[in-house]
Amino acid sequence: MSTLPGFTLVALLLTAGSAAADGLVLKKDVELKGSTAAGKEGPLFLTADRIETTAPNVVEATGDVEARQAGQNFYADWLLYDLTQDQVRARGHVRLEQPALVVTGDSLKFNLGDYSGELVQPVYRFTAQPGRTRAGRADETVTGAAPVAPPQPGRGHADRIDFLNEQQCTLKHAIYTTCPIGNDDWFLKVGDLDIDRNRNVGTARNASLHFLGVPILYTPWVDFPLDNARKTGVLTPTIGTTQRSGLDILLPYYLNLAPNYDATLYPRLMSKRGMQLGTEFRYLLSDFHGVNRFEYLPNDSVANRSRWSVALNNIYRISPATEAGMLFNRVSDDDYFRDLSNLLAATSTTHLDHEAWLTTRHPNWTAELRAQSFQTLQDSTSSTPILEPYARLPQALLGVNKVFGNGLEFHLASEATRFAHPTLVEGTRVLAYPTLRMPLTNSFGYLTPQIGWHSTYYALDNSAPSQPQHVTRNLPILSLDSGVTFERPFRFADQDYQQTLEPRAYYVYAPYRDQSNIPVFDTALLDFSYAQMFTENQFIGGDRVNDANQLTLAVTSRFTEAASGLERLQVTLGQRYYFSTQQVTLNPGDPVRTSNATDLLAAVSGQITRAWRIDTAWQFDTQTGATIRQNLAASYRPGPGRVLNLGYRFIDQTTEQVDISAQWPLGHRWYGMFRYNYSFKDAKLVEGLAGFEYNAGCWSLRGVLQRLATKADQSTEAFFIQLELNGMGRIGSNPLDVLKHSVPGYRPSNELVQTP
């Protein structure tokens, strides 16, 4: 008997993408072995209560008709196969099965020659999760009006499927949803749905999205890809409201220009400010890649001026070792991010970088040429201006690293930089710092002596009359780093652990050199920390080298599980001791150190239990008995969707903040999100957030209210509400970026393994 490839095609044409899942489990039958591997060229097995030839070349099967071929299965009450016309007819409980899809219907007519025909009253459901299909950018979800392969099994029905040929079919009055049977909280209703596998495109007409019985979206026409390929089209709109901009609607339009470059246009309507136009262009070539953005607000009704921003980032790989690039970020005014962004990281931006570079990296040396300047954004509510950094026009860097056969290491860090500034002293700095170090290590410890020669030359342009135009500084720097590791096993609460005791000593000597005639181009005092105690220079940048005759002593103890190696606890204690008084300061007249030791530093961190993790740091002034700096952080994460973060930050005379954030189940399918970041020194809320999320299984609803400090004495409020339909997309304003940034550990409820 001839095979019936049309039966397998019906199921394929109903999917929006290629099915790929575990096969449908059937009873074992040795006769069917190899059928799947043979594909549609393999044999078709037909069984029924009665099979007979009713006319020449006509086969009729009645009663529990079952046909199997290559892992595809067909069932019906009655089947007629006309070999002359190459046509199949079936009726009564018609059922088509594929590994990822099951389709039932009332009757089927199908021509095996041209793959034309119809299936009446089809009802389909996905039995496995195909690969998710998206239209538009790979990092966006499309708002389409047609079924796409969902992230969880979906289902639907139609009045009829018309098969036009092997690659094309049309569904009449189709319905699609990912809600379980008996639940139609949301569904997509399509007048006509055309599937064209030649072009790999689906086209829907008269499509409407219904939620809780109410149509919420309508489009007369939309097309979408049938697989993971990107496609030009409208992306998910963002709708929200903020205190400073009013109703805020963003409608991105994606342009799939080529497989390796694309563009997104995103007009944004703000009811208080007007229409903003934005575009992003991305490309990835063999030697080039980059992302470039531009935004323009022609006439801000609140600020009474046009506003814009530019962000360019492009890199060119000249060879495997050499690349060039540029970074250019600029905005029209100081308040651009404060007025138009909802992220704290953006609203607190101070310096925007403009730079171009050429760099090459080789096994023993690296070189770099860079030109860099900045745009400094001032706080209009503050009386203290922010100083613009020096521009480097240009900067040349050369680094050399060489290890000799006896283990001796040679390192060279050198640079030549031209510093430019509109109001301060300008000049050129040439610096070279070669070092020799000899690491001596064994199984329980190490000893690393190092000697270096720091040499710097300055040529100054517009220096004061009392300041020389040419300055030279040379000094040797010696250091000795050493450490030992002791280990012991112990047992606690019926669990085997390993404890280490790791004392470390680090000595540095650098003689004093007068540096009062040297300007400060790019140098600052490093914050005192555990890492800073083990550096030669307390300054970052090349304009200051501290005088040093000092010894750092520290000890660390780690507690790890013997079986897994998981570090449960780490305790660190350290302090630096000085054997001479301080003479070099960042600026002439700055106060010098009066004590012979630094503050005491202590830190405790670790995964204490499966759910609890702590990270604490403490800086204590042993002279006055006062706490100078304190950071306390703890997180409690007993399971998916359950996160509690606690934080306290204290810096003497400048900062005292408490930061609490959480995501927690409130009840069956309900989650709450929260953040409270309060500054006691400023007596104000830095960021406050309260939100909820409801997960109905096939859809979820989340809403967030955020209050954010944007200036020294100004705050703004924003409200986000979003409806997410599983397998379809998201509607409304997008709070996910805000939640992930504000609540560390937050996960959307539909990504959790279990929903309470």
# chains A, B, ... in the order shown; residues from 1 in each chain; ligands from 1
>>> residues_around(residues="Thr523 (chain A)", least_positions_apart="3", cutoff="8 Å", atoms="only C-alpha atoms", output="MDAnalysis selection string")
chainID A and resid 520 539:544
>>> write_last_selection(atoms="C-alpha atoms", output="compact mmCIF listing (two decimals), in the first residue's frame")
# COMPACT_ATOMS: atom_id res chain seq x y z
CA VAL A 520 47.52 66.72 40.14
CA PHE A 539 47.59 57.10 45.59
CA ILE A 540 46.04 56.01 42.29
CA GLY A 541 47.48 57.80 39.28
CA GLY A 542 51.03 58.86 38.45
CA ASP A 543 51.30 62.31 40.05
CA ARG A 544 52.01 61.22 43.62
>>> residues_around(residues="Leu632 (chain A)", least_positions_apart="2", cutoff="6 Å", atoms="only C-alpha atoms", output="list in words")
Thr616, Gly647 and Tyr648 of chain A
>>> residues_around(residues="Leu408 (chain A)", least_positions_apart="2", cutoff="12 Å", atoms="only C-alpha atoms", output="mmCIF file with C-alpha atoms, in the first residue's frame")
data_model
loop_
_atom_site.group_PDB
_atom_site.id
_atom_site.type_symbol
_atom_site.label_atom_id
_atom_site.label_comp_id
_atom_site.auth_asym_id
_atom_site.auth_seq_id
_atom_site.Cartn_x
_atom_site.Cartn_y
_atom_site.Cartn_z
ATOM 1 C CA ASN A 401 56.372 41.408 31.132
ATOM 2 C CA LYS A 402 59.167 38.859 30.999
ATOM 3 C CA VAL A 403 59.809 35.738 33.076
ATOM 4 C CA PHE A 404 63.334 34.359 33.029
ATOM 5 C CA GLY A 405 64.316 30.726 33.402
ATOM 6 C CA ASN A 406 65.222 31.058 37.090
ATOM 7 C CA PHE A 410 60.652 41.726 34.917
ATOM 8 C CA HIS A 411 57.754 44.188 34.565
ATOM 9 C CA THR A 435 60.465 46.293 38.531
ATOM 10 C CA LEU A 436 62.168 43.004 39.279
ATOM 11 C CA ARG A 437 60.475 40.421 41.479
ATOM 12 C CA MET A 438 61.382 36.895 42.506
ATOM 13 C CA PRO A 439 58.438 34.738 43.681
ATOM 14 C CA LEU A 440 59.596 31.971 46.026
ATOM 15 C CA THR A 448 58.151 37.593 47.094
ATOM 16 C CA PRO A 449 60.817 40.326 47.177
ATOM 17 C CA GLN A 450 60.500 43.175 44.634
ATOM 18 C CA ILE A 451 62.576 46.215 43.720
#
>>> select_by_dssp(residues="region 171-380 of chain A", states="strand (DSSP E)", output="PyMOL selection string")
chain A and resi 171-177+186-196+201-211+214-225+233-234+238-242+246-250+253-258+261-265+268-270+274-284+288-300+305-319+322-331+351-361+365-376
>>> closest_residue(among="A:Asp379, A:Glu751, A:Glu355, A:Glu60", to="Ala76 (chain A)", atoms="only C-alpha atoms")
A:Glu60
>>> closest_residue(among="A:Ala367, A:Val658, A:Thr598, A:Arg669", to="Ala683 (chain A)", atoms="only C-alpha atoms")
A:Val658
>>> atom_distance(atom1="CA of Val604 (chain A)", atom2="CA of Arg629 (chain A)")
14.4 Å
>>> select_by_dssp(residues="region 151-355 of chain A", states="helix (DSSP H, G or I)", output="number ranges by chain")
A: 336-340, 344-347
>>> residues_around(residues="region 311-313 of chain A", least_positions_apart="4", cutoff="10 Å", atoms="only C-alpha atoms", output="ChimeraX atom specification")
/A:280-282,289-295,325-331,352-356
>>> closest_residue(among="A:Leu573, A:Ala464, A:Met270, A:Asp547", to="Arg593 (chain A)", atoms="only C-alpha atoms")
A:Asp547
>>> closest_residue(among="A:Gln515, A:Phe521, A:His470, A:Trp670", to="Arg418 (chain A)", atoms="only C-alpha atoms")
A:Phe521
>>> residues_around(residues="region 473-483 of chain A", least_positions_apart="6", cutoff="6 Å", atoms="only C-alpha atoms", output="ChimeraX atom specification")
/A:445-456,503-510
>>> atom_distance(atom1="CA of Gln619 (chain A)", atom2="CA of Ser348 (chain A)")
26.6 Å
>>> residues_around(residues="Trp618 (chain A)", least_positions_apart="2", cutoff="6 Å", atoms="only C-alpha atoms", output="PyMOL selection string")
chain A and resi 601-602+629-630
>>> closest_residue(among="A:Pro434, A:Thr423, A:Pro215, A:Tyr458", to="Glu409 (chain A)", atoms="only C-alpha atoms")
A:Pro434
>>> decode(residues="region 158-252 of chain A", atoms="C-alpha atoms", output="PDB file, in the first residue's frame")
ATOM      1  CA  ALA A 158     -10.258  26.796  14.425  1.00  0.00           C
ATOM      2  CA  ASP A 159     -13.276  26.365  12.134  1.00  0.00           C
ATOM      3  CA  ARG A 160     -11.174  24.850   9.355  1.00  0.00           C
ATOM      4  CA  ILE A 161      -7.671  24.310   8.020  1.00  0.00           C
ATOM      5  CA  ASP A 162      -7.305  24.695   4.255  1.00  0.00           C
ATOM      6  CA  PHE A 163      -4.167  23.020   2.871  1.00  0.00           C
ATOM      7  CA  LEU A 164      -3.035  24.815  -0.291  1.00  0.00           C
ATOM      8  CA  ASN A 165       0.150  22.856  -0.984  1.00  0.00           C
ATOM      9  CA  GLU A 166       2.995  21.196   0.856  1.00  0.00           C
ATOM     10  CA  GLN A 167       4.255  24.482   2.304  1.00  0.00           C
ATOM     11  CA  GLN A 168       1.132  26.610   2.681  1.00  0.00           C
ATOM     12  CA  CYS A 169      -2.110  26.406   4.625  1.00  0.00           C
ATOM     13  CA  THR A 170      -4.757  28.727   6.072  1.00  0.00           C
ATOM     14  CA  LEU A 171      -6.580  28.503   9.399  1.00  0.00           C
ATOM     15  CA  LYS A 172     -10.063  30.046   9.507  1.00  0.00           C
ATOM     16  CA  HIS A 173     -11.279  31.704  12.730  1.00  0.00           C
ATOM     17  CA  ALA A 174      -8.435  30.380  14.862  1.00  0.00           C
ATOM     18  CA  ILE A 175      -8.039  30.645  18.639  1.00  0.00           C
ATOM     19  CA  TYR A 176      -4.759  30.305  20.574  1.00  0.00           C
ATOM     20  CA  THR A 177      -3.897  30.379  24.296  1.00  0.00           C
ATOM     21  CA  THR A 178      -1.387  28.900  26.755  1.00  0.00           C
ATOM     22  CA  CYS A 179      -3.977  28.616  29.524  1.00  0.00           C
ATOM     23  CA  PRO A 180      -4.905  25.089  30.621  1.00  0.00           C
ATOM     24  CA  ILE A 181      -8.030  23.394  29.309  1.00  0.00           C
ATOM     25  CA  GLY A 182     -11.100  24.886  30.947  1.00  0.00           C
ATOM     26  CA  ASN A 183      -9.361  28.224  31.516  1.00  0.00           C
ATOM     27  CA  ASP A 184      -9.679  30.912  28.854  1.00  0.00           C
ATOM     28  CA  ASP A 185      -8.363  33.876  30.866  1.00  0.00           C
ATOM     29  CA  TRP A 186      -6.658  35.085  27.731  1.00  0.00           C
ATOM     30  CA  PHE A 187      -6.746  34.006  24.113  1.00  0.00           C
ATOM     31  CA  LEU A 188      -5.795  35.256  20.690  1.00  0.00           C
ATOM     32  CA  LYS A 189      -8.566  35.322  18.114  1.00  0.00           C
ATOM     33  CA  VAL A 190      -7.593  35.416  14.428  1.00  0.00           C
ATOM     34  CA  GLY A 191      -9.930  35.723  11.448  1.00  0.00           C
ATOM     35  CA  ASP A 192      -7.477  34.191   8.957  1.00  0.00           C
ATOM     36  CA  LEU A 193      -4.054  32.769   9.673  1.00  0.00           C
ATOM     37  CA  ASP A 194      -1.816  31.970   6.691  1.00  0.00           C
ATOM     38  CA  ILE A 195       1.202  29.701   7.179  1.00  0.00           C
ATOM     39  CA  ASP A 196       3.868  29.915   4.454  1.00  0.00           C
ATOM     40  CA  ARG A 197       6.849  27.673   5.125  1.00  0.00           C
ATOM     41  CA  ASN A 198       8.502  28.671   1.835  1.00  0.00           C
ATOM     42  CA  ARG A 199       9.035  32.173   3.235  1.00  0.00           C
ATOM     43  CA  ASN A 200       8.944  30.943   6.844  1.00  0.00           C
ATOM     44  CA  VAL A 201       6.318  33.564   7.624  1.00  0.00           C
ATOM     45  CA  GLY A 202       2.877  33.520   9.184  1.00  0.00           C
ATOM     46  CA  THR A 203       0.295  36.207   8.418  1.00  0.00           C
ATOM     47  CA  ALA A 204      -2.726  36.967  10.609  1.00  0.00           C
ATOM     48  CA  ARG A 205      -5.720  39.114   9.652  1.00  0.00           C
ATOM     49  CA  ASN A 206      -8.345  40.604  11.942  1.00  0.00           C
ATOM     50  CA  ALA A 207      -6.519  39.537  15.082  1.00  0.00           C
ATOM     51  CA  SER A 208      -7.635  40.531  18.565  1.00  0.00           C
ATOM     52  CA  LEU A 209      -6.274  39.733  22.017  1.00  0.00           C
ATOM     53  CA  HIS A 210      -8.836  39.009  24.726  1.00  0.00           C
ATOM     54  CA  PHE A 211      -8.106  39.117  28.448  1.00  0.00           C
ATOM     55  CA  LEU A 212     -10.681  38.091  31.075  1.00  0.00           C
ATOM     56  CA  GLY A 213     -13.349  38.290  28.420  1.00  0.00           C
ATOM     57  CA  VAL A 214     -12.417  41.814  27.282  1.00  0.00           C
ATOM     58  CA  PRO A 215     -10.667  42.570  23.960  1.00  0.00           C
ATOM     59  CA  ILE A 216      -7.615  44.665  24.816  1.00  0.00           C
ATOM     60  CA  LEU A 217      -5.684  44.755  21.523  1.00  0.00           C
ATOM     61  CA  TYR A 218      -6.677  44.620  17.866  1.00  0.00           C
ATOM     62  CA  THR A 219      -4.761  44.670  14.613  1.00  0.00           C
ATOM     63  CA  PRO A 220      -6.158  44.234  11.102  1.00  0.00           C
ATOM     64  CA  TRP A 221      -2.933  42.615   9.915  1.00  0.00           C
ATOM     65  CA  VAL A 222       0.350  41.292  11.314  1.00  0.00           C
ATOM     66  CA  ASP A 223       2.992  38.819  10.167  1.00  0.00           C
ATOM     67  CA  PHE A 224       5.580  36.907  12.174  1.00  0.00           C
ATOM     68  CA  PRO A 225       8.415  34.382  11.663  1.00  0.00           C
ATOM     69  CA  LEU A 226       7.765  30.655  12.035  1.00  0.00           C
ATOM     70  CA  ASP A 227      11.072  29.899  13.773  1.00  0.00           C
ATOM     71  CA  ASN A 228      13.755  31.655  15.795  1.00  0.00           C
ATOM     72  CA  ALA A 229      14.673  33.977  12.941  1.00  0.00           C
ATOM     73  CA  ARG A 230      14.402  37.690  13.649  1.00  0.00           C
ATOM     74  CA  LYS A 231      11.888  39.663  11.649  1.00  0.00           C
ATOM     75  CA  THR A 232      10.999  43.267  11.016  1.00  0.00           C
ATOM     76  CA  GLY A 233       8.010  44.342  13.054  1.00  0.00           C
ATOM     77  CA  VAL A 234       6.577  46.115  16.078  1.00  0.00           C
ATOM     78  CA  LEU A 235       8.011  45.077  19.441  1.00  0.00           C
ATOM     79  CA  THR A 236       6.286  45.122  22.787  1.00  0.00           C
ATOM     80  CA  PRO A 237       5.042  48.630  23.615  1.00  0.00           C
ATOM     81  CA  THR A 238       5.902  50.120  26.998  1.00  0.00           C
ATOM     82  CA  ILE A 239       3.212  52.142  28.757  1.00  0.00           C
ATOM     83  CA  GLY A 240       3.677  53.831  32.122  1.00  0.00           C
ATOM     84  CA  THR A 241       3.507  57.070  34.021  1.00  0.00           C
ATOM     85  CA  THR A 242       6.074  59.178  35.858  1.00  0.00           C
ATOM     86  CA  GLN A 243       5.725  62.281  37.953  1.00  0.00           C
ATOM     87  CA  ARG A 244       8.072  64.343  35.828  1.00  0.00           C
ATOM     88  CA  SER A 245       6.984  63.172  32.354  1.00  0.00           C
ATOM     89  CA  GLY A 246       3.340  62.124  32.736  1.00  0.00           C
ATOM     90  CA  LEU A 247       1.970  59.295  30.607  1.00  0.00           C
ATOM     91  CA  ASP A 248       4.950  57.567  29.007  1.00  0.00           C
ATOM     92  CA  ILE A 249       4.427  55.353  25.916  1.00  0.00           C
ATOM     93  CA  LEU A 250       7.301  53.686  24.057  1.00  0.00           C
ATOM     94  CA  LEU A 251       6.578  51.819  20.793  1.00  0.00           C
ATOM     95  CA  PRO A 252       9.715  50.153  19.350  1.00  0.00           C
TER      96      PRO A 252
END
